[in-house]
$ cat run.txt   # compact mmCIF, C-alpha atoms
# COMPACT_ATOMS: atom_id res chain seq x y z
CA GLU A 14 -37.20 -14.17 -43.29
CA GLN A 15 -35.68 -15.21 -39.94
CA GLU A 16 -35.67 -18.87 -40.94
CA GLU A 17 -34.16 -18.11 -44.33
CA GLU A 18 -31.32 -16.11 -42.76
CA ILE A 19 -30.65 -18.80 -40.15
CA GLU A 20 -30.58 -21.55 -42.77
CA ALA A 21 -28.19 -19.49 -44.91
CA LEU A 22 -25.87 -19.10 -41.92
CA LYS A 23 -25.97 -22.84 -41.26
CA MET A 24 -24.97 -23.52 -44.86
CA MET A 25 -22.08 -21.03 -44.74
CA PHE A 26 -20.88 -22.07 -41.28
CA PRO A 27 -21.58 -25.80 -40.88
CA ASP A 28 -21.52 -27.05 -37.27
CA ALA A 29 -20.93 -23.51 -36.00
CA VAL A 30 -24.55 -22.36 -35.64
CA GLU A 31 -26.82 -23.25 -32.73
CA VAL A 32 -30.42 -22.03 -32.37
CA VAL A 33 -32.00 -21.90 -28.93
CA GLY A 34 -35.62 -21.01 -28.12
CA GLY A 35 -38.16 -19.55 -30.51
CA SER A 36 -41.02 -21.86 -29.59
CA SER A 37 -44.49 -20.38 -29.15
CA GLY A 38 -43.51 -17.22 -30.98
CA GLY A 39 -40.79 -16.19 -28.51
CA CYS A 40 -37.27 -14.87 -29.10
CA LYS A 41 -34.56 -17.04 -30.64
CA ASP A 42 -30.91 -17.05 -29.64
CA VAL A 43 -28.71 -17.73 -32.63
CA LYS A 44 -25.20 -18.65 -31.47
CA LEU A 45 -22.44 -18.62 -34.09
CA THR A 46 -19.00 -19.79 -32.97
CA LEU A 47 -15.86 -18.38 -34.57
CA ASP A 48 -13.32 -20.90 -33.31
CA GLU A 49 -10.33 -19.18 -34.88
CA HIS A 50 -10.91 -16.18 -32.62
CA GLY A 51 -12.31 -18.03 -29.59
CA ILE A 52 -15.57 -16.05 -29.63
CA VAL A 53 -19.32 -16.65 -30.00
CA LEU A 54 -21.71 -14.13 -31.56
CA VAL A 55 -25.03 -14.44 -29.73
CA SER A 56 -27.89 -12.82 -31.64
CA THR A 57 -31.23 -12.65 -29.85
CA LEU A 58 -33.93 -12.34 -32.53
CA PRO A 59 -37.28 -11.01 -31.38
CA PRO A 60 -40.41 -12.15 -33.29
CA GLY A 61 -40.48 -8.87 -35.21
CA TYR A 62 -36.93 -9.24 -36.62
CA PRO A 63 -35.97 -8.18 -39.24
CA GLN A 64 -39.02 -6.26 -40.48
CA LYS A 65 -39.90 -4.37 -37.32
CA CYS A 66 -36.94 -4.44 -34.93
CA ALA A 67 -33.24 -5.04 -34.62
CA PRO A 68 -31.62 -8.03 -32.90
CA CYS A 69 -29.89 -7.87 -29.52
CA LEU A 70 -26.20 -8.70 -30.05
CA VAL A 71 -23.36 -9.71 -27.76
CA VAL A 72 -20.01 -11.42 -28.22
CA THR A 73 -19.04 -13.98 -25.59
CA SER A 74 -15.94 -16.11 -25.11
CA CYS A 75 -15.33 -19.78 -25.84
CA ASP A 76 -13.36 -21.86 -23.35
CA ASN A 77 -9.85 -20.36 -23.12
CA GLY A 78 -11.02 -17.47 -25.28
CA PRO A 79 -10.29 -13.73 -24.91
CA SER A 80 -10.25 -11.99 -21.53
CA ARG A 81 -13.11 -9.87 -20.22
CA SER A 82 -11.35 -6.67 -21.17
CA ALA A 83 -10.79 -7.98 -24.71
CA LEU A 84 -14.45 -9.01 -25.04
CA ALA A 85 -15.51 -5.59 -23.80
CA ALA A 86 -13.42 -4.00 -26.54
CA VAL A 87 -14.93 -6.28 -29.22
CA ASN A 88 -18.47 -5.57 -28.05
CA ALA A 89 -17.85 -1.82 -27.94
CA ALA A 90 -16.44 -1.86 -31.49
CA MET A 91 -19.31 -4.03 -32.75
CA LYS A 92 -21.87 -1.71 -31.14
CA GLN A 93 -20.28 1.28 -32.87
CA HIS A 94 -20.20 -0.54 -36.22
CA PHE A 95 -23.85 -1.59 -35.85
CA ALA A 96 -24.91 1.98 -35.09
CA GLU A 97 -23.04 3.29 -38.11
CA GLU A 98 -24.42 0.66 -40.51
CA TYR A 99 -27.94 -0.10 -39.27
CA ASP A 100 -29.20 2.90 -37.30
CA PRO A 101 -31.93 3.90 -37.91
CA TRP A 102 -33.29 0.40 -38.34
CA ILE A 103 -34.96 -0.13 -41.75
CA GLY A 104 -35.66 -3.86 -41.62
CA ASP A 105 -32.58 -5.34 -43.31
CA GLN A 106 -31.09 -8.70 -42.40
CA CYS A 107 -27.79 -8.07 -40.64
CA LEU A 108 -26.36 -11.29 -39.21
CA PHE A 109 -24.20 -12.26 -42.17
CA GLY A 110 -22.85 -8.72 -42.40
CA LEU A 111 -21.95 -8.73 -38.68
CA VAL A 112 -20.22 -12.10 -38.90
CA THR A 113 -18.19 -10.86 -41.88
CA TRP A 114 -17.24 -7.70 -39.98
CA LEU A 115 -16.13 -9.76 -36.96
CA GLN A 116 -14.01 -12.05 -39.14
CA GLU A 117 -12.29 -9.06 -40.69
CA ASN A 118 -11.77 -6.96 -37.56
CA VAL A 119 -11.79 -9.01 -34.36
CA LYS A 120 -8.15 -10.13 -34.67
CA ASP A 121 -6.88 -6.54 -34.77
CA ILE A 122 -9.14 -5.53 -31.88
CA LEU A 123 -7.87 -8.40 -29.72
CA LEU A 124 -4.22 -7.67 -30.55
CA SER A 125 -4.66 -3.99 -29.79
CA THR A 126 -6.35 -4.75 -26.45
CA GLU A 127 -3.67 -7.28 -25.51
CA SER A 128 -0.93 -4.75 -26.29
CA LYS A 129 -2.61 -2.06 -24.17
CA THR A 130 -3.17 -4.52 -21.32
CA THR A 131 0.48 -5.61 -21.42
CA LYS A 132 1.72 -2.01 -21.37
CA THR A 133 -0.65 -1.12 -18.54
CA SER A 134 0.36 -4.18 -16.57
CA SER A 135 4.07 -3.40 -17.04
CA ALA A 136 3.54 0.21 -16.02
CA GLU A 137 1.56 -0.84 -12.95
CA LYS A 138 4.22 -3.34 -11.94
CA GLU A 139 6.94 -0.72 -12.38
CA ALA A 140 4.97 1.80 -10.34
CA GLU A 141 4.33 -0.79 -7.65
CA THR A 142 8.03 -1.66 -7.53
CA LYS A 143 8.92 2.00 -7.07
CA LYS A 144 6.32 2.39 -4.31
CA ARG A 145 7.32 -0.74 -2.42
CA PRO A 146 10.21 -0.24 0.03
CA GLN A 147 13.20 -2.35 -0.87
CA ASP A 148 14.06 -5.11 1.54
CA PRO A 149 17.14 -3.89 3.41
CA VAL A 150 20.47 -5.55 2.72
CA ARG A 151 23.71 -5.56 4.70
CA GLN A 152 26.91 -4.87 2.78
CA TRP A 153 30.26 -5.68 4.41
CA ILE A 154 33.37 -3.85 3.24
CA TRP A 155 37.06 -4.46 3.95
CA PHE A 156 39.83 -1.88 3.53
CA ILE A 157 43.55 -2.51 3.64
CA GLY A 158 43.77 0.68 5.68
CA PHE A 159 41.60 3.70 6.50
CA TYR A 160 43.32 6.48 8.44
CA THR A 161 42.60 10.01 7.18
CA LYS A 162 40.38 11.82 9.66
CA LYS A 163 38.78 14.03 6.99
CA ILE A 164 37.86 11.00 4.85
CA ILE A 165 36.59 9.10 7.90
CA LYS A 166 34.35 12.03 8.79
CA GLY A 167 33.11 12.31 5.20
CA PHE A 168 32.41 8.56 5.01
CA VAL A 169 30.31 8.61 8.19
CA GLN A 170 28.50 11.81 7.16
CA LEU A 171 27.63 10.30 3.78
CA GLY A 172 26.20 7.22 5.47
CA LEU A 173 23.93 9.43 7.57
CA GLU A 174 22.90 11.48 4.54
CA GLN A 175 21.89 8.31 2.70
CA LYS A 176 19.94 7.21 5.79
CA LEU A 177 21.96 4.05 6.18
CA THR A 178 22.75 2.26 9.43
CA GLY A 179 25.98 0.48 10.30
CA PHE A 180 29.50 1.56 11.16
CA LEU A 181 33.01 2.28 10.00
CA MET A 182 35.91 0.88 12.00
CA PRO A 183 38.96 2.81 10.76
CA GLY A 184 42.50 1.53 11.07
CA LYS A 185 44.56 -1.25 9.50
CA PRO A 186 42.67 -3.21 8.35
CA ALA A 187 39.39 -1.29 8.35
CA VAL A 188 35.86 -2.66 8.18
CA ALA A 189 32.56 -1.03 7.30
CA CYS A 190 29.00 -2.28 7.47
CA LEU A 191 26.24 -0.62 5.42
CA GLU A 192 22.58 -1.44 6.09
CA GLY A 193 19.68 -0.16 4.00
CA PRO A 194 17.96 -0.43 0.62
CA SER A 195 20.36 -1.64 -2.08
CA GLU A 196 19.64 1.45 -4.19
CA ARG A 197 20.91 3.76 -1.42
CA ILE A 198 23.95 1.58 -0.78
CA GLU A 199 24.83 1.65 -4.48
CA LYS A 200 24.54 5.44 -4.46
CA PHE A 201 26.70 5.63 -1.32
CA LEU A 202 29.43 3.50 -2.93
CA LYS A 203 29.34 5.50 -6.16
CA ILE A 204 29.81 8.79 -4.31
CA THR A 205 32.52 7.26 -2.12
CA ARG A 206 34.55 6.05 -5.10
CA LYS A 207 34.13 9.10 -7.33
CA GLU A 208 34.12 11.94 -4.83
CA LEU A 209 35.18 10.97 -1.33
CA PHE A 210 38.24 8.95 -2.37
CA ALA A 211 39.22 11.36 -5.15
CA THR A 212 41.84 13.02 -2.95
CA VAL A 213 43.19 9.77 -1.48
CA ALA A 214 46.35 8.15 -2.85
CA PRO A 215 45.54 5.13 -5.04
CA SER A 216 47.42 2.83 -2.67
CA SER A 217 45.04 3.81 0.12
CA ARG A 218 41.82 3.29 -1.86
CA LYS A 219 41.84 -0.48 -1.60
CA MET A 220 38.20 -1.31 -0.82
CA LYS A 221 36.65 -4.79 -1.11
CA LEU A 222 32.91 -5.46 -1.10
CA VAL A 223 33.37 -8.79 0.61
CA PHE A 224 29.81 -10.06 0.92
CA GLN A 225 26.21 -8.96 1.15
CA GLU A 226 23.30 -10.27 3.21
CA PRO A 227 19.77 -9.84 1.73
CA ASN A 228 16.48 -9.28 3.54
CA ILE A 229 18.05 -8.42 6.86
CA LYS A 230 16.71 -6.93 10.06
CA PRO A 231 18.95 -3.92 10.78
CA ALA A 232 21.40 -4.59 13.60
CA PHE A 233 22.46 -0.96 14.11
CA LYS A 234 20.40 2.11 14.97
CA THR A 235 22.52 4.73 13.22
CA PHE A 236 25.69 5.08 11.15
CA GLU A 237 28.80 5.90 13.16
CA GLU A 238 32.54 5.59 13.55
CA VAL A 239 33.66 2.80 15.88
CA GLN A 240 37.18 3.01 17.36
CA LEU A 241 38.54 -0.49 17.98
CA ASN A 242 42.26 0.11 17.67
CA CYS A 243 45.16 -1.25 19.75
CA LEU A 244 45.34 1.64 22.19
CA SER A 245 46.58 -0.40 25.14
CA GLY A 246 50.22 -0.27 24.12
CA THR A 247 50.32 -3.87 22.91
CA HIS A 248 51.34 -2.74 19.45
CA LYS A 249 53.74 -0.01 18.42
CA ARG A 250 51.31 1.26 15.76
CA LYS A 251 48.21 2.69 17.40
CA ASP A 252 46.17 2.48 14.16
CA ILE A 253 46.32 -1.32 14.00
CA ALA A 254 42.80 -2.68 14.42
CA ASP A 255 42.07 -4.85 17.43
CA LEU A 256 40.34 -7.77 15.69
CA GLY A 257 39.46 -9.39 19.00
CA GLU A 258 37.52 -6.28 19.95
CA LEU A 259 35.87 -6.26 16.51
CA SER A 260 34.78 -9.88 16.95
CA SER A 261 33.22 -9.08 20.33
CA PHE A 262 31.56 -5.97 18.92
CA LEU A 263 29.98 -7.97 16.09
CA GLU A 264 28.83 -10.69 18.47
CA ALA A 265 27.12 -8.10 20.66
CA ALA A 266 25.32 -6.68 17.61
CA GLY A 267 24.10 -10.13 16.54
CA CYS A 268 26.47 -10.23 13.58
CA GLY A 269 29.12 -12.58 14.93
CA HIS A 270 28.83 -14.78 11.85
CA ALA A 271 30.20 -11.93 9.71
CA PHE A 272 33.71 -11.87 11.21
CA LYS A 273 34.90 -15.03 9.50
CA GLU A 274 33.14 -14.12 6.25
CA ILE A 275 34.73 -10.67 6.11
CA PHE A 276 38.29 -11.83 6.46
CA ASN A 277 37.95 -15.07 4.51
CA ASP A 278 36.46 -13.23 1.56
CA ALA A 279 38.99 -10.43 1.81
CA VAL A 280 41.87 -12.91 1.68
CA VAL A 281 40.32 -14.93 -1.18
CA LYS A 282 39.64 -11.81 -3.24
CA GLU A 283 43.15 -10.59 -2.67
$ encode --input "run.txt" --output "structure tokens"
Amino acid sequence: EQEEEIEALKMMFPDAVEVVGGSSGGCKDVKLTLDEHGIVLVSTLPPGYPQKCAPCLVVTSCDNGPSRSALAAVNAAMKQHFAEEYDPWIGDQCLFGLVTWLQENVKDILLSTESKTTKTSSAEKEAETKKRPQDPVRQWIWFIGFYTKKIIKGFVQLGLEQKLTGFLMPGKPAVACLEGPSERIEKFLKITRKELFATVAPSSRKMKLVFQEPNIKPAFKTFEEVQLNCLSGTHKRKDIADLGELSSFLEAAGCGHAFKEIFNDAVVKE
């Protein structure tokens, strides 16, 4: 009966059936390739099949076929189907029935597995992104003027609360540097615009995000107010910023390149 079943399979699936072994009364491996699904059904037939015992069955992959996880799902489903249809074993031929079942069901199994794998992969990537610390960025800000002591204090306090580093140089013009994860900087700016500046006259809210540096090594240890105004009597307004002092301050912090960028961008964006 083995030979009859194998010959029937060869007739129904020309060039798709390969028989290995079976000499001297041993087991035969019958390999049937389903190219449209990229799989091979390998049926190991012991000498007593089908009258006395069931075959050993496994689905393997062709070149560029399904992934290991997809094959595992196909094999698990086939094992369940075999148990439901042929257990207990009563000596029936089963290969044609299994091939038919695979043709009817393997596509849906593979699609379902691929969908689950994609969702799992996306979820894992999202979780990994949330776990991974964001590379710190440095955001430079220019203000046409920043004078109010209460707002200055609130600005610095907010920077500390958001665990940012950098500084605020109040005066006319004013400059701020924010260092930290972009998510925290965005939150800082949102609170600043909606809450901190809510009581400030519109003419005094002029704030320009002039440029941002990615993947930086923080240049400042904390977030603080830096007084660099013309206090020497060289200018009648004591709140005018001393840009020479600012340039020296930035050079000392290793951010000398920023001076030109801050004021060039501020002028261009004006």
$ residues_around --input "run.txt" --residues "stretch 19-22 of chain A" --least-positions-apart "6" --cutoff "10 Å" --atoms "all atoms listed in the file" --output "list in words"
Ala29, Val30, Glu31, Val32, Val43, Leu45, Leu108, Phe109 and Val112 of chain A
$ residues_around --input "run.txt" --residues "stretch 172-181 of chain A" --least-positions-apart "2" --cutoff "12 Å" --atoms "all atoms listed in the file" --output "PyMOL selection string"
chain A and resi 149-156+158-160+164-170+183-184+186-205+209+229-241+254+259+262-263+266+268
$ residues_around --input "run.txt" --residues "A:Gln15" --least-positions-apart "5" --cutoff "9 Å" --atoms "only C-alpha atoms" --output "JSON, numbers by chain"
{"A": [20, 58, 60, 62, 63, 106]}
$ residues_near_point --input "run.txt" --point "(-28.4, -4.7, -29.1)" --cutoff "12 Å" --atoms "all atoms listed in the file" --output "number ranges by chain"
A: 54-59, 66-72, 88-89, 91-96, 99-100, 102
$ atom_distance --input "run.txt" --atom1 "atom CA of A:Glu17" --atom2 "atom CA of A:Pro101"
23.0 Å
$ atom_distance --input "run.txt" --atom1 "atom CA of A:Ser74" --atom2 "atom CA of A:Ile122"
14.3 Å
$ residues_near_point --input "run.txt" --point "(-9.9, -4.1, -28.0)" --cutoff "12 Å" --atoms "all atoms listed in the file" --output "ChimeraX atom specification"
/A:79-91,118-130
$ write_last_selection --input "run.txt" --atoms "C-alpha atoms" --output "mmCIF file, keeping the file's coordinate frame"
data_model
loop_
_atom_site.group_PDB
_atom_site.id
_atom_site.type_symbol
_atom_site.label_atom_id
_atom_site.label_comp_id
_atom_site.auth_asym_id
_atom_site.auth_seq_id
_atom_site.Cartn_x
_atom_site.Cartn_y
_atom_site.Cartn_z
ATOM 1 C CA PRO A 79 -10.290 -13.730 -24.910
ATOM 2 C CA SER A 80 -10.250 -11.990 -21.530
ATOM 3 C CA ARG A 81 -13.110 -9.870 -20.220
ATOM 4 C CA SER A 82 -11.350 -6.670 -21.170
ATOM 5 C CA ALA A 83 -10.790 -7.980 -24.710
ATOM 6 C CA LEU A 84 -14.450 -9.010 -25.040
ATOM 7 C CA ALA A 85 -15.510 -5.590 -23.800
ATOM 8 C CA ALA A 86 -13.420 -4.000 -26.540
ATOM 9 C CA VAL A 87 -14.930 -6.280 -29.220
ATOM 10 C CA ASN A 88 -18.470 -5.570 -28.050
ATOM 11 C CA ALA A 89 -17.850 -1.820 -27.940
ATOM 12 C CA ALA A 90 -16.440 -1.860 -31.490
ATOM 13 C CA MET A 91 -19.310 -4.030 -32.750
ATOM 14 C CA ASN A 118 -11.770 -6.960 -37.560
ATOM 15 C CA VAL A 119 -11.790 -9.010 -34.360
ATOM 16 C CA LYS A 120 -8.150 -10.130 -34.670
ATOM 17 C CA ASP A 121 -6.880 -6.540 -34.770
ATOM 18 C CA ILE A 122 -9.140 -5.530 -31.880
ATOM 19 C CA LEU A 123 -7.870 -8.400 -29.720
ATOM 20 C CA LEU A 124 -4.220 -7.670 -30.550
ATOM 21 C CA SER A 125 -4.660 -3.990 -29.790
ATOM 22 C CA THR A 126 -6.350 -4.750 -26.450
ATOM 23 C CA GLU A 127 -3.670 -7.280 -25.510
ATOM 24 C CA SER A 128 -0.930 -4.750 -26.290
ATOM 25 C CA LYS A 129 -2.610 -2.060 -24.170
ATOM 26 C CA THR A 130 -3.170 -4.520 -21.320
#
$ atom_distance --input "run.txt" --atom1 "atom CA of A:Glu117" --atom2 "atom CA of A:Leu47"
11.7 Å
$ closest_residue --input "run.txt" --among "A:Asn242, A:Lys41, A:Val53, A:Thr73" --to "A:Glu258" --atoms "all atoms listed in the file"
A:Asn242
$ closest_residue --input "run.txt" --among "A:Glu14, A:Val213, A:Leu256, A:Ala271" --to "A:Gly61" --atoms "all atoms listed in the file"
A:Glu14
$ axis_aligned_box --input "run.txt" --around "stretch 87-102 of chain A" --padding-each-side "4 Å" --output "AutoDock Vina command-line options"
--center_x -24.1 --center_y -1.2 --center_z -34.2 --size_x 26.4 --size_y 18.2 --size_z 20.6
$ build_atoms --input "run.txt" --residues "stretch 145-160 of chain A" --atoms "N, CA and C atoms" --output "short mmCIF file (atom, residue, chain, number, x, y, z; two decimals), in the coordinates of the input"
data_model
loop_
_atom_site.label_atom_id
_atom_site.label_comp_id
_atom_site.auth_asym_id
_atom_site.auth_seq_id
_atom_site.Cartn_x
_atom_site.Cartn_y
_atom_site.Cartn_z
N ARG A 145 7.02 0.23 -3.47
CA ARG A 145 7.32 -0.74 -2.42
C ARG A 145 8.72 -0.53 -1.86
N PRO A 146 8.86 -0.40 -0.55
CA PRO A 146 10.21 -0.24 0.03
C PRO A 146 11.06 -1.47 -0.28
N GLN A 147 12.31 -1.23 -0.59
CA GLN A 147 13.20 -2.35 -0.87
C GLN A 147 13.55 -3.06 0.44
N ASP A 148 13.62 -4.37 0.36
CA ASP A 148 14.06 -5.11 1.54
C ASP A 148 15.49 -4.68 1.86
N PRO A 149 15.79 -4.35 3.11
CA PRO A 149 17.14 -3.89 3.41
C PRO A 149 18.17 -5.01 3.25
N VAL A 150 19.35 -4.62 2.84
CA VAL A 150 20.47 -5.55 2.72
C VAL A 150 21.58 -5.05 3.63
N ARG A 151 22.54 -5.93 3.89
CA ARG A 151 23.71 -5.56 4.70
C ARG A 151 24.96 -5.82 3.88
N GLN A 152 25.69 -4.76 3.58
CA GLN A 152 26.91 -4.87 2.78
C GLN A 152 28.13 -4.72 3.69
N TRP A 153 29.03 -5.72 3.62
CA TRP A 153 30.26 -5.68 4.41
C TRP A 153 31.41 -5.28 3.50
N ILE A 154 32.26 -4.38 4.02
CA ILE A 154 33.37 -3.85 3.24
C ILE A 154 34.66 -3.98 4.04
N TRP A 155 35.73 -4.34 3.34
CA TRP A 155 37.06 -4.46 3.95
C TRP A 155 38.01 -3.49 3.27
N PHE A 156 38.82 -2.80 4.05
CA PHE A 156 39.83 -1.88 3.53
C PHE A 156 41.19 -2.32 4.03
N ILE A 157 42.20 -2.18 3.19
CA ILE A 157 43.55 -2.51 3.64
C ILE A 157 44.00 -1.53 4.73
N GLY A 158 43.47 -0.32 4.65
CA GLY A 158 43.77 0.68 5.68
C GLY A 158 42.87 1.89 5.48
N PHE A 159 42.49 2.54 6.58
CA PHE A 159 41.60 3.70 6.50
C PHE A 159 41.99 4.60 7.66
N TYR A 160 42.74 5.68 7.36
CA TYR A 160 43.32 6.48 8.44
C TYR A 160 42.91 7.95 8.46
#
